[in-house]
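Printed here is model28.txt (compact mmCIF, C-alpha atoms):
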```
# COMPACT_ATOMS: atom_id res chain seq x y z
CA MET A 2 -34.53 74.29 -6.62
CA SER A 3 -32.78 75.59 -3.64
CA GLN A 4 -30.37 72.66 -3.92
CA GLU A 5 -29.57 73.62 -7.58
CA SER A 6 -28.84 77.21 -6.64
CA ALA A 7 -26.59 76.05 -3.84
CA SER A 8 -24.58 73.69 -6.08
CA THR A 9 -24.09 76.12 -8.98
CA PRO A 10 -21.25 78.20 -7.42
CA ASP A 11 -19.30 74.98 -6.58
CA LEU A 12 -19.52 73.76 -10.15
CA GLY A 13 -18.27 77.11 -11.41
CA ALA A 14 -15.28 77.07 -9.10
CA TYR A 15 -14.45 73.53 -10.19
CA LEU A 16 -14.57 74.55 -13.89
CA GLU A 17 -12.27 77.48 -13.17
CA GLN A 18 -9.74 75.23 -11.49
CA LEU A 19 -9.90 72.79 -14.39
CA MET A 20 -9.20 75.55 -16.90
CA ALA A 21 -6.30 76.82 -14.83
CA LEU A 22 -4.88 73.27 -14.68
CA GLY A 23 -5.33 73.07 -18.44
CA THR A 24 -2.91 75.95 -18.78
CA TRP A 25 -0.41 74.28 -16.44
CA VAL A 26 -0.42 70.86 -18.08
CA PRO A 27 1.15 71.93 -21.36
CA GLY A 28 3.74 73.88 -19.37
CA ALA A 29 4.63 70.87 -17.26
CA GLN A 30 4.79 68.73 -20.38
CA GLN A 31 7.23 71.21 -21.91
CA LEU A 32 9.39 71.02 -18.77
CA VAL A 33 9.47 67.23 -18.91
CA ASP A 34 10.31 67.27 -22.62
CA TRP A 35 13.14 69.75 -22.00
CA ALA A 36 14.56 67.67 -19.13
CA SER A 37 14.34 64.56 -21.28
CA ASP A 38 16.17 66.16 -24.19
CA LYS A 39 18.78 68.17 -22.33
CA VAL A 40 19.44 66.15 -19.19
CA LEU A 41 18.44 62.49 -19.50
CA ALA A 42 19.33 61.89 -23.15
CA PRO A 43 22.97 63.04 -22.79
CA HIS A 44 23.36 60.87 -19.64
CA LEU A 45 22.30 57.64 -21.36
CA GLY A 46 25.82 56.80 -22.52
CA HIS A 47 27.53 57.62 -19.23
CA ALA A 48 28.78 54.51 -17.46
CA ASN A 49 30.97 56.12 -14.80
CA PRO A 50 29.51 59.29 -13.18
CA ALA A 51 32.99 60.44 -12.16
CA ASP A 52 33.98 60.79 -15.83
CA HIS A 53 31.17 63.27 -16.62
CA PRO A 54 31.24 66.21 -14.20
CA ASP A 55 29.22 68.35 -16.66
CA CYS A 56 26.28 65.93 -16.69
CA LEU A 57 23.61 66.86 -14.12
CA VAL A 58 22.56 63.24 -13.51
CA CYS A 59 26.16 62.10 -13.07
CA ARG A 60 26.82 64.93 -10.63
CA GLY A 61 23.71 63.97 -8.65
CA LEU A 62 24.74 60.31 -8.56
CA SER A 63 28.25 61.27 -7.44
CA MET A 64 26.82 63.38 -4.61
CA LEU A 65 24.59 60.51 -3.49
CA ALA A 66 27.53 58.12 -3.54
CA ALA A 67 29.59 60.58 -1.50
CA THR A 68 26.93 60.74 1.19
CA GLY A 69 26.80 56.94 1.34
CA LEU A 70 23.21 56.67 0.14
CA SER A 71 22.24 53.79 -2.09
CA THR A 72 21.04 54.51 -5.61
CA SER A 73 20.09 50.97 -6.45
CA GLY A 74 16.46 51.39 -5.47
CA SER A 75 16.42 47.90 -4.03
CA ALA A 76 14.17 47.34 -1.01
CA ARG A 77 16.55 44.68 0.29
CA PRO A 78 18.93 45.75 3.03
CA GLN A 79 22.45 46.28 1.82
CA PRO A 80 24.99 43.76 3.11
CA ALA A 81 26.92 45.11 6.04
CA ALA A 82 30.42 46.29 5.29
CA PRO A 83 32.91 43.54 6.12
CA ARG A 84 34.42 44.02 9.58
CA ASP A 85 38.11 44.44 9.78
CA ALA A 86 39.87 41.16 10.33
CA VAL A 87 41.97 40.65 13.41
CA GLN A 88 44.97 42.93 13.15
CA TRP A 89 47.83 40.70 14.27
CA LEU A 90 50.58 42.48 16.15
CA SER A 91 54.28 41.92 16.36
CA VAL A 92 55.14 39.90 19.46
CA THR A 93 58.63 39.98 20.93
CA ARG A 94 59.57 37.07 23.18
CA THR A 95 61.70 37.71 26.23
CA THR A 96 63.17 35.21 28.61
CA GLY A 97 64.06 35.51 32.29
CA ARG A 98 61.90 36.77 35.10
CA SER A 99 61.62 40.39 36.10
CA GLY A 100 61.19 39.41 39.72
CA LYS A 101 57.73 40.94 40.04
CA MET B 30 46.91 33.87 55.63
CA LEU B 31 45.60 32.27 52.46
CA SER B 32 41.88 32.50 51.81
CA PRO B 33 39.61 29.45 52.00
CA ALA B 34 38.71 27.82 48.72
CA ARG B 35 35.07 27.63 47.70
CA LEU B 36 35.47 25.92 44.32
CA LEU B 37 38.33 23.66 43.22
CA ILE B 38 38.37 22.49 39.60
CA VAL B 39 40.61 19.45 39.15
CA SER B 40 41.77 18.53 35.65
CA GLY B 41 44.73 16.56 34.39
CA SER B 42 46.54 14.76 31.62
CA GLY B 43 45.12 11.36 30.79
CA GLY B 44 45.95 8.65 33.31
CA ALA B 45 47.64 11.05 35.71
CA GLY B 46 45.18 10.35 38.50
CA THR B 47 42.84 13.34 38.13
CA THR B 48 39.86 11.56 39.62
CA THR B 49 42.01 10.24 42.47
CA VAL B 50 43.20 13.75 43.32
CA ALA B 51 39.66 15.19 43.06
CA ALA B 52 38.20 12.43 45.23
CA ALA B 53 41.06 12.62 47.76
CA THR B 54 40.66 16.39 47.98
CA ALA B 55 36.94 16.07 48.72
CA TRP B 56 37.53 13.12 51.07
CA GLN B 57 40.14 14.91 53.13
CA ALA B 58 38.31 18.25 53.11
CA SER B 59 35.20 16.51 54.45
CA LYS B 60 37.12 15.73 57.64
CA VAL B 61 37.39 19.41 58.53
CA LEU B 62 34.48 20.97 56.68
CA GLN B 63 30.80 20.32 57.32
CA SER B 64 29.65 19.99 53.73
CA VAL B 65 31.77 19.14 50.68
CA LEU B 66 30.24 18.52 47.26
CA LEU B 67 32.15 16.45 44.68
CA ILE B 68 30.89 16.79 41.11
CA ASP B 69 31.84 14.37 38.32
CA ALA B 70 31.96 16.64 35.28
CA ASP B 71 34.00 14.31 33.10
CA ALA B 72 32.15 14.30 29.78
CA GLU B 73 33.50 10.84 29.04
CA SER B 74 31.31 9.41 31.77
CA GLU B 75 27.87 8.31 30.62
CA ASN B 76 25.44 11.08 31.38
CA ALA B 77 22.27 10.58 29.35
CA ALA B 78 20.22 12.55 31.88
CA GLY B 79 22.52 15.54 31.42
CA ARG B 80 22.20 15.38 27.65
CA ARG B 81 18.40 15.22 27.89
CA ALA B 82 18.40 18.20 30.27
CA ALA B 83 20.60 20.13 27.84
CA ALA B 84 18.28 19.36 24.91
CA GLN B 85 15.23 20.41 26.93
CA TRP B 86 16.84 23.65 28.08
CA PHE B 87 18.01 24.49 24.56
CA ALA B 88 14.56 23.82 23.10
CA GLY B 89 13.14 26.29 25.62
CA LEU B 90 15.76 28.84 24.66
CA ALA B 91 15.02 28.28 20.99
CA GLN B 92 11.31 28.76 21.54
CA THR B 93 11.83 32.23 22.95
CA VAL B 94 15.10 33.68 21.71
CA LEU B 95 15.31 32.19 18.23
CA THR B 96 11.80 33.31 17.30
CA ALA B 97 13.15 36.86 17.45
CA MET B 98 15.57 36.15 14.60
CA PRO B 99 14.84 37.55 11.14
CA HIS B 100 14.10 34.02 9.92
CA PRO B 101 12.64 32.28 12.98
CA LEU B 102 13.60 28.69 13.70
CA LEU B 103 11.42 26.11 15.37
CA ALA B 104 12.75 24.25 18.35
CA ASP B 105 12.19 20.93 16.56
CA GLU B 106 14.37 22.06 13.65
CA ILE B 107 17.52 22.45 15.66
CA THR B 108 19.79 20.32 17.75
CA VAL B 109 21.74 21.32 20.82
CA VAL B 110 24.56 23.63 19.80
CA PRO B 111 27.94 22.36 21.02
CA GLY B 112 28.86 24.06 24.27
CA VAL B 113 25.34 24.26 25.66
CA ASP B 114 25.80 21.17 27.84
CA ASP B 115 29.11 22.61 29.06
CA PHE B 116 27.40 25.86 29.96
CA LEU B 117 24.63 24.01 31.81
CA MET B 118 27.20 21.99 33.75
CA TRP B 119 29.11 25.11 34.85
CA ALA B 120 25.81 26.85 35.61
CA SER B 121 24.99 23.97 37.97
CA VAL B 122 28.42 24.25 39.57
CA ALA B 123 28.03 28.02 39.98
CA GLU B 124 24.61 27.51 41.52
CA ALA B 125 26.01 24.96 43.99
CA VAL B 126 28.77 27.39 44.98
CA SER B 127 26.50 30.42 45.22
CA SER B 128 23.78 28.62 47.17
CA GLY B 129 26.00 28.56 50.25
CA SER B 130 24.87 25.01 51.03
CA HIS B 131 28.42 23.67 50.75
CA ASP B 132 31.65 24.81 52.32
CA LEU B 133 33.62 23.50 49.35
CA VAL B 134 32.72 22.29 45.86
CA VAL B 135 35.24 20.03 44.11
CA VAL B 136 34.77 19.40 40.38
CA ASP B 137 36.46 16.51 38.59
CA ALA B 138 36.66 18.20 35.18
CA GLY B 139 38.38 15.31 33.39
CA PRO B 140 41.18 15.68 30.84
CA ILE B 141 42.84 19.08 30.43
CA SER B 142 41.74 19.70 26.82
CA GLN B 143 38.15 18.85 27.75
CA MET B 144 38.24 21.19 30.75
CA LEU B 145 39.64 24.03 28.62
CA ARG B 146 37.03 23.46 25.91
CA SER B 147 34.19 23.34 28.39
CA ILE B 148 35.19 26.44 30.38
CA ARG B 149 35.92 28.36 27.20
CA ALA B 150 32.44 27.46 25.90
CA VAL B 151 30.95 29.59 28.70
CA PHE B 152 33.11 32.56 27.75
CA SER B 153 32.37 32.06 24.04
CA MET B 154 28.62 32.01 24.74
CA ALA B 155 28.97 35.27 26.66
CA LEU B 156 30.84 36.77 23.71
CA PHE B 157 28.21 35.56 21.25
CA ALA B 158 25.41 36.84 23.48
CA GLN B 159 27.09 40.21 23.58
CA ALA B 160 27.71 40.34 19.83
CA MET B 161 24.49 38.78 18.54
CA ILE B 162 21.81 39.83 20.98
CA THR B 163 22.24 43.53 20.34
CA PRO B 164 19.62 46.14 21.33
CA GLU B 165 18.58 46.26 17.64
CA PHE B 166 18.05 42.49 17.69
CA VAL B 167 15.88 42.71 20.81
CA VAL B 168 13.84 45.63 19.45
CA ALA B 169 13.32 43.83 16.13
CA GLY B 170 12.15 40.74 18.01
CA ALA B 171 9.80 42.76 20.18
CA ALA B 172 8.37 44.50 17.11
CA ARG B 173 7.75 41.11 15.54
CA GLY B 174 5.68 40.13 18.55
CA ALA B 175 8.25 37.97 20.34
CA GLY B 176 7.52 39.79 23.58
CA ASP B 177 8.78 36.96 25.78
CA THR B 178 12.24 37.35 24.29
CA LEU B 179 13.30 40.28 26.43
CA PRO B 180 13.17 38.56 29.84
CA SER B 181 14.75 35.41 28.35
CA VAL B 182 17.66 37.36 26.91
CA ASP B 183 18.19 39.15 30.19
CA GLU B 184 18.07 35.85 32.08
CA LEU B 185 20.59 34.25 29.71
CA ARG B 186 22.98 37.18 30.04
CA ALA B 187 22.60 37.26 33.81
CA GLU B 188 23.23 33.52 34.05
CA LEU B 189 26.35 33.73 31.86
CA ASP B 190 27.64 36.64 33.94
CA SER B 191 27.02 34.81 37.21
CA VAL B 192 28.82 31.65 36.00
CA ILE B 193 31.82 33.70 34.84
CA ALA B 194 31.83 35.61 38.14
CA VAL B 195 32.02 32.34 40.10
CA LEU B 196 34.83 31.01 37.88
CA ARG B 197 36.80 34.24 38.31
CA ASP B 198 36.12 34.52 42.03
CA PRO B 199 39.27 34.75 44.20
CA ALA B 200 38.03 31.67 46.10
CA THR B 201 38.00 29.58 42.90
CA ALA B 202 41.07 27.73 41.66
CA VAL B 203 42.01 25.23 39.00
CA ARG B 204 44.29 22.40 40.16
CA LEU B 205 46.05 20.54 37.39
CA VAL B 206 47.31 16.99 37.59
CA SER B 207 50.26 16.07 35.40
CA ARG B 208 51.76 12.74 34.49
CA ALA B 209 55.37 12.33 35.54
CA ASP B 210 56.73 12.40 32.02
CA GLN B 211 58.21 15.02 29.76
CA ALA B 212 55.36 14.91 27.25
CA ALA B 213 52.98 16.31 29.87
CA VAL B 214 54.90 19.55 30.45
CA LEU B 215 53.65 21.45 27.41
CA PRO B 216 49.91 20.63 27.84
CA VAL B 217 50.12 21.68 31.49
CA ALA B 218 51.96 24.92 30.65
CA ARG B 219 49.43 25.64 27.90
CA ALA B 220 46.49 25.01 30.25
CA ILE B 221 47.96 27.36 32.86
CA ALA B 222 48.32 30.16 30.30
CA VAL B 223 44.81 29.74 28.85
CA VAL B 224 43.10 29.45 32.25
CA GLN B 225 44.94 32.53 33.52
CA LEU B 226 44.03 34.46 30.37
CA LEU B 227 40.40 33.69 31.15
CA GLY B 228 40.94 35.34 34.53
CA ILE B 229 40.84 32.13 36.56
CA CYS B 230 43.45 31.23 39.17
CA VAL B 231 45.62 28.12 38.78
CA ASP B 232 46.84 27.42 42.28
CA THR B 233 48.58 24.02 42.20
CA VAL B 234 50.03 21.50 39.80
CA PHE B 235 50.07 17.96 41.14
CA VAL B 236 52.35 15.38 39.62
CA GLY B 237 50.39 12.17 39.86
CA LYS B 238 51.63 8.66 40.56
CA VAL B 239 55.19 9.58 41.45
CA PRO B 240 57.01 6.36 42.45
CA THR B 241 58.62 6.38 45.87
CA LYS B 242 61.86 4.72 46.87
CA SER B 243 60.06 2.48 49.32
CA SER B 244 57.28 1.37 47.03
CA GLY B 245 59.39 -1.14 45.15
CA TRP B 246 59.77 0.82 41.92
CA PRO B 247 63.11 0.80 40.10
CA LYS B 248 65.46 3.47 41.47
CA GLY B 249 65.96 5.05 38.04
CA LEU B 250 62.23 5.65 37.65
CA ALA B 251 61.94 7.44 40.98
CA LYS B 252 64.96 9.60 40.12
CA GLU B 253 63.52 10.51 36.70
CA SER B 254 60.25 11.51 38.34
CA ARG B 255 62.00 13.76 40.82
CA GLN B 256 63.87 15.43 37.97
CA PHE B 257 60.61 15.91 36.14
CA VAL B 258 59.03 17.59 39.17
CA LYS B 259 61.96 20.05 39.25
CA GLU B 260 61.67 20.68 35.50
CA LEU B 261 57.93 21.28 35.79
CA ALA B 262 58.41 23.63 38.75
CA ARG B 263 60.84 25.67 36.64
CA THR B 264 58.35 25.82 33.75
CA VAL B 265 55.27 26.83 35.75
CA ALA B 266 57.18 29.44 37.75
CA ASP B 267 55.45 30.54 40.93
CA ILE B 268 52.71 27.91 40.91
CA PRO B 269 53.39 25.22 43.56
CA VAL B 270 54.19 21.76 42.17
CA VAL B 271 53.18 18.95 44.53
CA PRO B 272 54.21 15.34 43.82
CA VAL B 273 51.52 12.81 44.69
CA CYS B 274 53.23 9.58 45.64
CA TRP B 275 51.91 6.30 44.36
CA ILE B 276 51.42 4.50 47.64
CA SER B 277 48.78 1.95 46.98
CA LYS B 278 46.65 0.67 44.16
CA SER B 279 43.73 0.39 46.54
CA THR B 280 41.60 3.45 45.89
CA ALA B 281 40.06 3.63 49.36
CA HIS B 282 43.44 3.27 51.00
CA GLY B 283 45.02 5.68 48.51
CA LEU B 284 42.50 8.43 49.23
CA ARG B 285 43.43 8.37 52.88
CA GLU B 286 47.15 8.36 52.24
CA VAL B 287 47.57 10.76 49.34
CA GLU B 288 49.33 13.88 50.52
CA LEU B 289 47.74 16.84 48.85
CA GLY B 290 49.14 19.69 50.87
CA ASP B 291 46.61 22.29 51.98
CA PHE B 292 43.43 21.22 50.27
CA VAL B 293 41.07 23.53 52.14
CA HIS B 294 42.84 26.78 51.48
CA LEU B 295 44.15 28.09 48.21
CA MET B 296 47.80 27.17 47.78
CA ARG B 297 48.78 30.60 46.52
CA ARG B 298 47.37 34.07 46.43
CA PRO B 299 45.28 34.85 43.35
CA PRO B 300 47.50 36.37 40.68
CA GLN B 301 47.54 40.08 40.18
CA ARG B 302 44.94 41.50 37.87
CA ALA B 303 45.92 43.19 34.62
CA THR B 304 47.10 46.75 35.05
CA VAL B 305 47.44 49.80 32.82
CA GLU B 306 50.12 52.34 33.56
CA VAL B 307 51.44 55.46 31.86
CA HIS B 308 54.57 54.58 29.93
CA GLY B 309 56.42 57.42 28.23
CA VAL B 310 53.91 59.17 26.00
CA GLY B 311 51.66 56.13 25.84
CA TYR B 312 50.38 53.34 28.03
CA LEU B 313 51.57 49.89 29.04
CA TRP B 314 48.94 47.21 29.61
CA HIS B 315 50.42 44.36 31.65
CA ILE B 316 48.58 41.04 31.62
CA PRO B 317 50.14 38.78 34.28
CA LEU B 318 50.53 35.27 32.99
CA ALA B 319 52.80 32.26 33.52
CA LEU B 320 53.97 31.92 29.94
CA ALA B 321 56.40 29.11 29.27
CA ASP B 322 59.04 29.76 26.61
CA GLU B 323 57.86 26.72 24.65
CA LEU B 324 54.39 28.15 23.98
CA GLU B 325 53.62 29.90 20.71
CA VAL B 326 51.81 33.16 21.31
CA SER B 327 50.04 35.41 18.82
CA VAL B 328 48.28 38.61 19.79
CA GLY B 329 45.88 40.62 17.67
CA ARG B 330 43.38 43.39 17.92
CA ALA B 331 39.81 43.22 16.65
CA ASP B 332 38.00 46.51 17.24
CA ASP B 333 37.85 46.95 21.00
CA ARG B 334 39.01 43.44 21.84
CA LEU B 335 42.36 41.74 22.23
CA VAL B 336 42.72 38.28 20.74
CA VAL B 337 45.39 36.11 22.34
CA ASP B 338 46.23 32.78 20.77
CA VAL B 339 48.28 30.34 22.84
CA ASP B 340 49.21 27.25 20.83
CA GLY B 341 45.89 27.47 18.98
CA TRP B 342 43.76 28.14 22.08
CA ARG B 343 42.24 31.55 21.51
CA VAL B 344 41.00 33.86 24.24
CA VAL B 345 39.24 37.16 23.56
CA MET B 346 39.30 39.92 26.13
CA PRO B 347 37.91 43.47 26.09
CA LEU B 348 40.38 46.33 25.93
CA PRO B 349 40.53 48.61 28.99
CA SER B 350 38.78 51.92 28.26
CA VAL B 351 41.99 53.90 27.89
CA ILE B 352 43.51 51.35 25.50
CA LYS B 353 40.46 51.57 23.23
CA ARG B 354 41.65 55.07 22.36
CA CYS B 355 45.20 53.95 21.64
CA ILE B 356 47.10 52.29 18.85
CA ILE B 357 48.69 49.04 19.97
CA GLU B 358 52.26 49.24 18.70
CA HIS B 359 53.73 45.95 19.79
CA VAL B 360 53.54 43.25 22.42
CA THR B 361 56.24 41.72 24.57
CA ALA B 362 55.62 38.17 25.76
CA GLY B 363 57.74 36.96 28.65
CA PRO B 364 57.54 34.49 31.52
CA ASP B 365 55.71 37.13 33.60
CA GLY B 366 53.01 37.64 31.00
CA LEU B 367 52.15 40.00 28.20
CA ALA B 368 53.18 43.66 28.03
CA VAL B 369 51.03 45.51 25.48
CA HIS B 370 52.69 48.77 24.42
CA CYS B 371 50.21 51.41 23.29
CA ALA B 372 50.53 54.86 21.77
CA VAL B 373 47.83 57.48 22.08
CA ASN B 374 45.64 57.68 18.98
CA GLU B 375 45.63 61.41 18.39
CA HIS B 376 42.50 61.26 16.22
CA LEU B 377 40.52 59.83 19.13
CA TRP B 378 41.99 62.17 21.75
CA ARG B 379 41.69 65.39 19.78
CA SER B 380 39.82 68.04 21.77
CA PRO B 381 36.56 69.22 20.15
```

Translate this file's structure into structure tokens.
Amino acid sequence: MSQESASTPDLGAYLEQLMALGTWVPGAQQLVDWASDKVLAPHLGHANPADHPDCLVCRGLSMLAATGLSTSGSARPQPAAPRDAVQWLSVTRTTGRSGK
Amino acid sequence: MLSPARLLIVSGSGGAGTTTVAAATAWQASKVLQSVLLIDADAESENAAGRRAAAQWFAGLAQTVLTAMPHPLLADEITVVPGVDDFLMWASVAEAVSSGSHDLVVVDAGPISQMLRSIRAVFSMALFAQAMITPEFVVAGAARGAGDTLPSVDELRAELDSVIAVLRDPATAVRLVSRADQAAVLPVARAIAVVQLLGICVDTVFVGKVPTKSSGWPKGLAKESRQFVKELARTVADIPVVPVCWISKSTAHGLREVELGDFVHLMRRPPQRATVEVHGVGYLWHIPLALADELEVSVGRADDRLVVDVDGWRVVMPLPSVIKRCIIEHVTAGPDGLAVHCAVNEHLWRSP
């Protein structure tokens, strides 16, 4: 009996939290639906982010590209950027000794 | 007073008498020095024991170092990488010199191209070790559990450094042996340039088997040989050219009679080291080098390294610290060496 009385307040608090969450879930769902309609749907036809500065997704992708971060989502390491080849210089031939 | 030699590397054009000069040098030096070691490093000679030792050493290296690679290799999967046996040979030579057990070590390094390839292999391995075994590589290997890798890598680097230090020591010199014919001039000039670029002294060029007037050879042949010696002396500039007269076909007799000049001391002072001096608003990096007009030279920059190509033989050298922060504008190649003209890179010198 004493155990029942001790567990009753916990159950009440749990039910309160669940009800509060119930009010949040429809709100979150509305937010997702809005983002889907207004942000993601317009972006679907955008191939080059640079051509669509008004699109939020394109702007985000452009910012990521500018910072050098990968957007591919691949877990594989990116291939290292190719090193500069040997930069050959102009060589002038001289004849005769300087006497050094 | 010229300094005593500790290591003499003898190499020559085919049939010029390289082995004779190496043996005669050791033979004559042994009369005045207590201990002289003569090493036959001619790869053409049968040396199965050396090959087995190289394979064994490389398998050991593979077991430790290669297990740290992203995709580990087993020792049984691989064969000895070209150059490893060359490195082991020069490591043995360096050990013999550094041990102090011998007053002089003479190495018969065989034909010139073979000597260049084998010495350059040591420098290439050092370059690879520097480029491939980076701190990230070592940390990745340690994280993978290849804990033994760290001491092995350090040992390999230390051994490469010690071999290069012995080769570049002021008491080390390369002595080239040329045939007495025009076709030998270019290979000898090329070898001098490449060896000097590696930072090793070339102190004498012998002209082998020069006929004498009294040895019964046709007069025209002796005269042609003398002209060749003069022509070679003009090409190699300040490096002494010593004709070795063909006195006898008897090897034992020949060793006693061959006149080699001063075989115990270096025949010339080690060449000046490269210098950097202020030149106008930039810098001038002078790399002293006996550079014959006939040699084709290309010079390039790769990051913080200078790549010099002499007739297809490529040598890579690090830029001096000050040149790393400069733009190399152009290079002048003359008989005294390379003059690298550099302008200050304002982006790298801008104050914070």

Length of the atom CA of B:Val270 to atom CA of B:Ser127 vector [Å]
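Computing it gives 29.2 Å between the two atoms.
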
Excluding A:Gln88 and its own-chain neighbours fewer than 3 positions away, which residues fall within 7 Å of it when counting all atoms listed in the file? Please give them as a VMD selection string.
chain B and resid 329 to 331

Using only C-alpha atoms, I'd like a table of the residues in chain B that come within 9 Å of chain A; for each, show the closest atom pair and its distance in Å rounded to one decimal, ordered by chain and ascending number, as JSON lines.
```
{"residue": "B:Asp322", "atom": "CA", "partner": "A:Thr96", "partner_atom": "CA", "distance": 7.1}
{"residue": "B:Val326", "atom": "CA", "partner": "A:Val92", "partner_atom": "CA", "distance": 7.7}
{"residue": "B:Ser327", "atom": "CA", "partner": "A:Val92", "partner_atom": "CA", "distance": 6.8}
{"residue": "B:Val328", "atom": "CA", "partner": "A:Leu90", "partner_atom": "CA", "distance": 5.8}
{"residue": "B:Gly329", "atom": "CA", "partner": "A:Trp89", "partner_atom": "CA", "distance": 3.9}
{"residue": "B:Arg330", "atom": "CA", "partner": "A:Gln88", "partner_atom": "CA", "distance": 5.0}
{"residue": "B:Ala331", "atom": "CA", "partner": "A:Val87", "partner_atom": "CA", "distance": 4.7}
{"residue": "B:Asp332", "atom": "CA", "partner": "A:Asp85", "partner_atom": "CA", "distance": 7.7}
{"residue": "B:Leu335", "atom": "CA", "partner": "A:Val87", "partner_atom": "CA", "distance": 8.9}
{"residue": "B:Val336", "atom": "CA", "partner": "A:Val87", "partner_atom": "CA", "distance": 7.7}
{"residue": "B:Ile357", "atom": "CA", "partner": "A:Leu90", "partner_atom": "CA", "distance": 7.8}
{"residue": "B:Glu358", "atom": "CA", "partner": "A:Leu90", "partner_atom": "CA", "distance": 7.4}
{"residue": "B:His359", "atom": "CA", "partner": "A:Ser91", "partner_atom": "CA", "distance": 5.3}
{"residue": "B:Val360", "atom": "CA", "partner": "A:Val92", "partner_atom": "CA", "distance": 4.7}
{"residue": "B:Thr361", "atom": "CA", "partner": "A:Thr93", "partner_atom": "CA", "distance": 4.7}
{"residue": "B:Ala362", "atom": "CA", "partner": "A:Arg94", "partner_atom": "CA", "distance": 4.8}
{"residue": "B:Gly363", "atom": "CA", "partner": "A:Thr95", "partner_atom": "CA", "distance": 4.7}
{"residue": "B:Pro364", "atom": "CA", "partner": "A:Arg98", "partner_atom": "CA", "distance": 6.1}
{"residue": "B:Asp365", "atom": "CA", "partner": "A:Arg98", "partner_atom": "CA", "distance": 6.4}
```

Please dump the current selection as a compact mmCIF listing (two decimals), in the frame of the given file; keep C-alpha atoms.
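For reference, result12.txt as written:
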```
# COMPACT_ATOMS: atom_id res chain seq x y z
CA ASP B 322 59.04 29.76 26.61
CA VAL B 326 51.81 33.16 21.31
CA SER B 327 50.04 35.41 18.82
CA VAL B 328 48.28 38.61 19.79
CA GLY B 329 45.88 40.62 17.67
CA ARG B 330 43.38 43.39 17.92
CA ALA B 331 39.81 43.22 16.65
CA ASP B 332 38.00 46.51 17.24
CA LEU B 335 42.36 41.74 22.23
CA VAL B 336 42.72 38.28 20.74
CA ILE B 357 48.69 49.04 19.97
CA GLU B 358 52.26 49.24 18.70
CA HIS B 359 53.73 45.95 19.79
CA VAL B 360 53.54 43.25 22.42
CA THR B 361 56.24 41.72 24.57
CA ALA B 362 55.62 38.17 25.76
CA GLY B 363 57.74 36.96 28.65
CA PRO B 364 57.54 34.49 31.52
CA ASP B 365 55.71 37.13 33.60
```

Work out how far atom CA of B:Pro240 is from atom CA of B:Lys252, in Å to one decimal.
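So the answer is 8.9 Å.
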
Pick from B:Glu260, B:Asp69, B:Asp132, B:Glu124, whichever lies nearest to B:Ala194 using only C-alpha atoms:
B:Glu124

What gap, in Å, lies between atom CA of B:Asp232 and atom CA of B:Gly366?
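Computing the Euclidean distance for atom CA of B:Asp232 and atom CA of B:Gly366 yields 16.4 Å.
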
Long-range neighbours of A:Cys59 as a ChimeraX atom specification, 7 Å cut-off, only C-alpha atoms, 5 positions minimum in chain:
/A:50,53-54

Of the candidates B:Val61, B:Leu117, B:Val339, B:Ala70, which shows the shortest atom-to-atom distance to B:Pro216, using all atoms listed in the file?
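Ranked by minimum distance to B:Pro216, first place goes to B:Val339.
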
Can you patch up stretch 332-341 of chain B, filling it in to N, CA and C atoms, and show the result as a tab-separated table (two decimals), in the frame of the given file?
```
chain	number	residue	atom	x	y	z
B	332	ASP	N	38.79	45.40	16.68
B	332	ASP	CA	38.00	46.51	17.24
B	332	ASP	C	38.45	46.80	18.67
B	333	ASP	N	37.53	46.63	19.62
B	333	ASP	CA	37.85	46.95	21.00
B	333	ASP	C	38.19	45.71	21.80
B	334	ARG	N	38.68	44.68	21.14
B	334	ARG	CA	39.01	43.44	21.84
B	334	ARG	C	40.43	43.01	21.49
B	335	LEU	N	41.04	42.31	22.46
B	335	LEU	CA	42.36	41.74	22.23
B	335	LEU	C	42.18	40.24	22.05
B	336	VAL	N	42.80	39.71	21.01
B	336	VAL	CA	42.72	38.28	20.74
B	336	VAL	C	44.08	37.68	21.04
B	337	VAL	N	44.12	36.76	21.99
B	337	VAL	CA	45.39	36.11	22.34
B	337	VAL	C	45.28	34.64	22.00
B	338	ASP	N	46.23	34.17	21.22
B	338	ASP	CA	46.23	32.78	20.77
B	338	ASP	C	47.45	32.09	21.38
B	339	VAL	N	47.19	31.10	22.22
B	339	VAL	CA	48.28	30.34	22.84
B	339	VAL	C	48.23	28.92	22.29
B	340	ASP	N	49.16	28.60	21.43
B	340	ASP	CA	49.21	27.25	20.83
B	340	ASP	C	47.87	26.84	20.23
B	341	GLY	N	47.17	27.80	19.63
B	341	GLY	CA	45.89	27.47	18.98
B	341	GLY	C	44.68	27.65	19.88
```
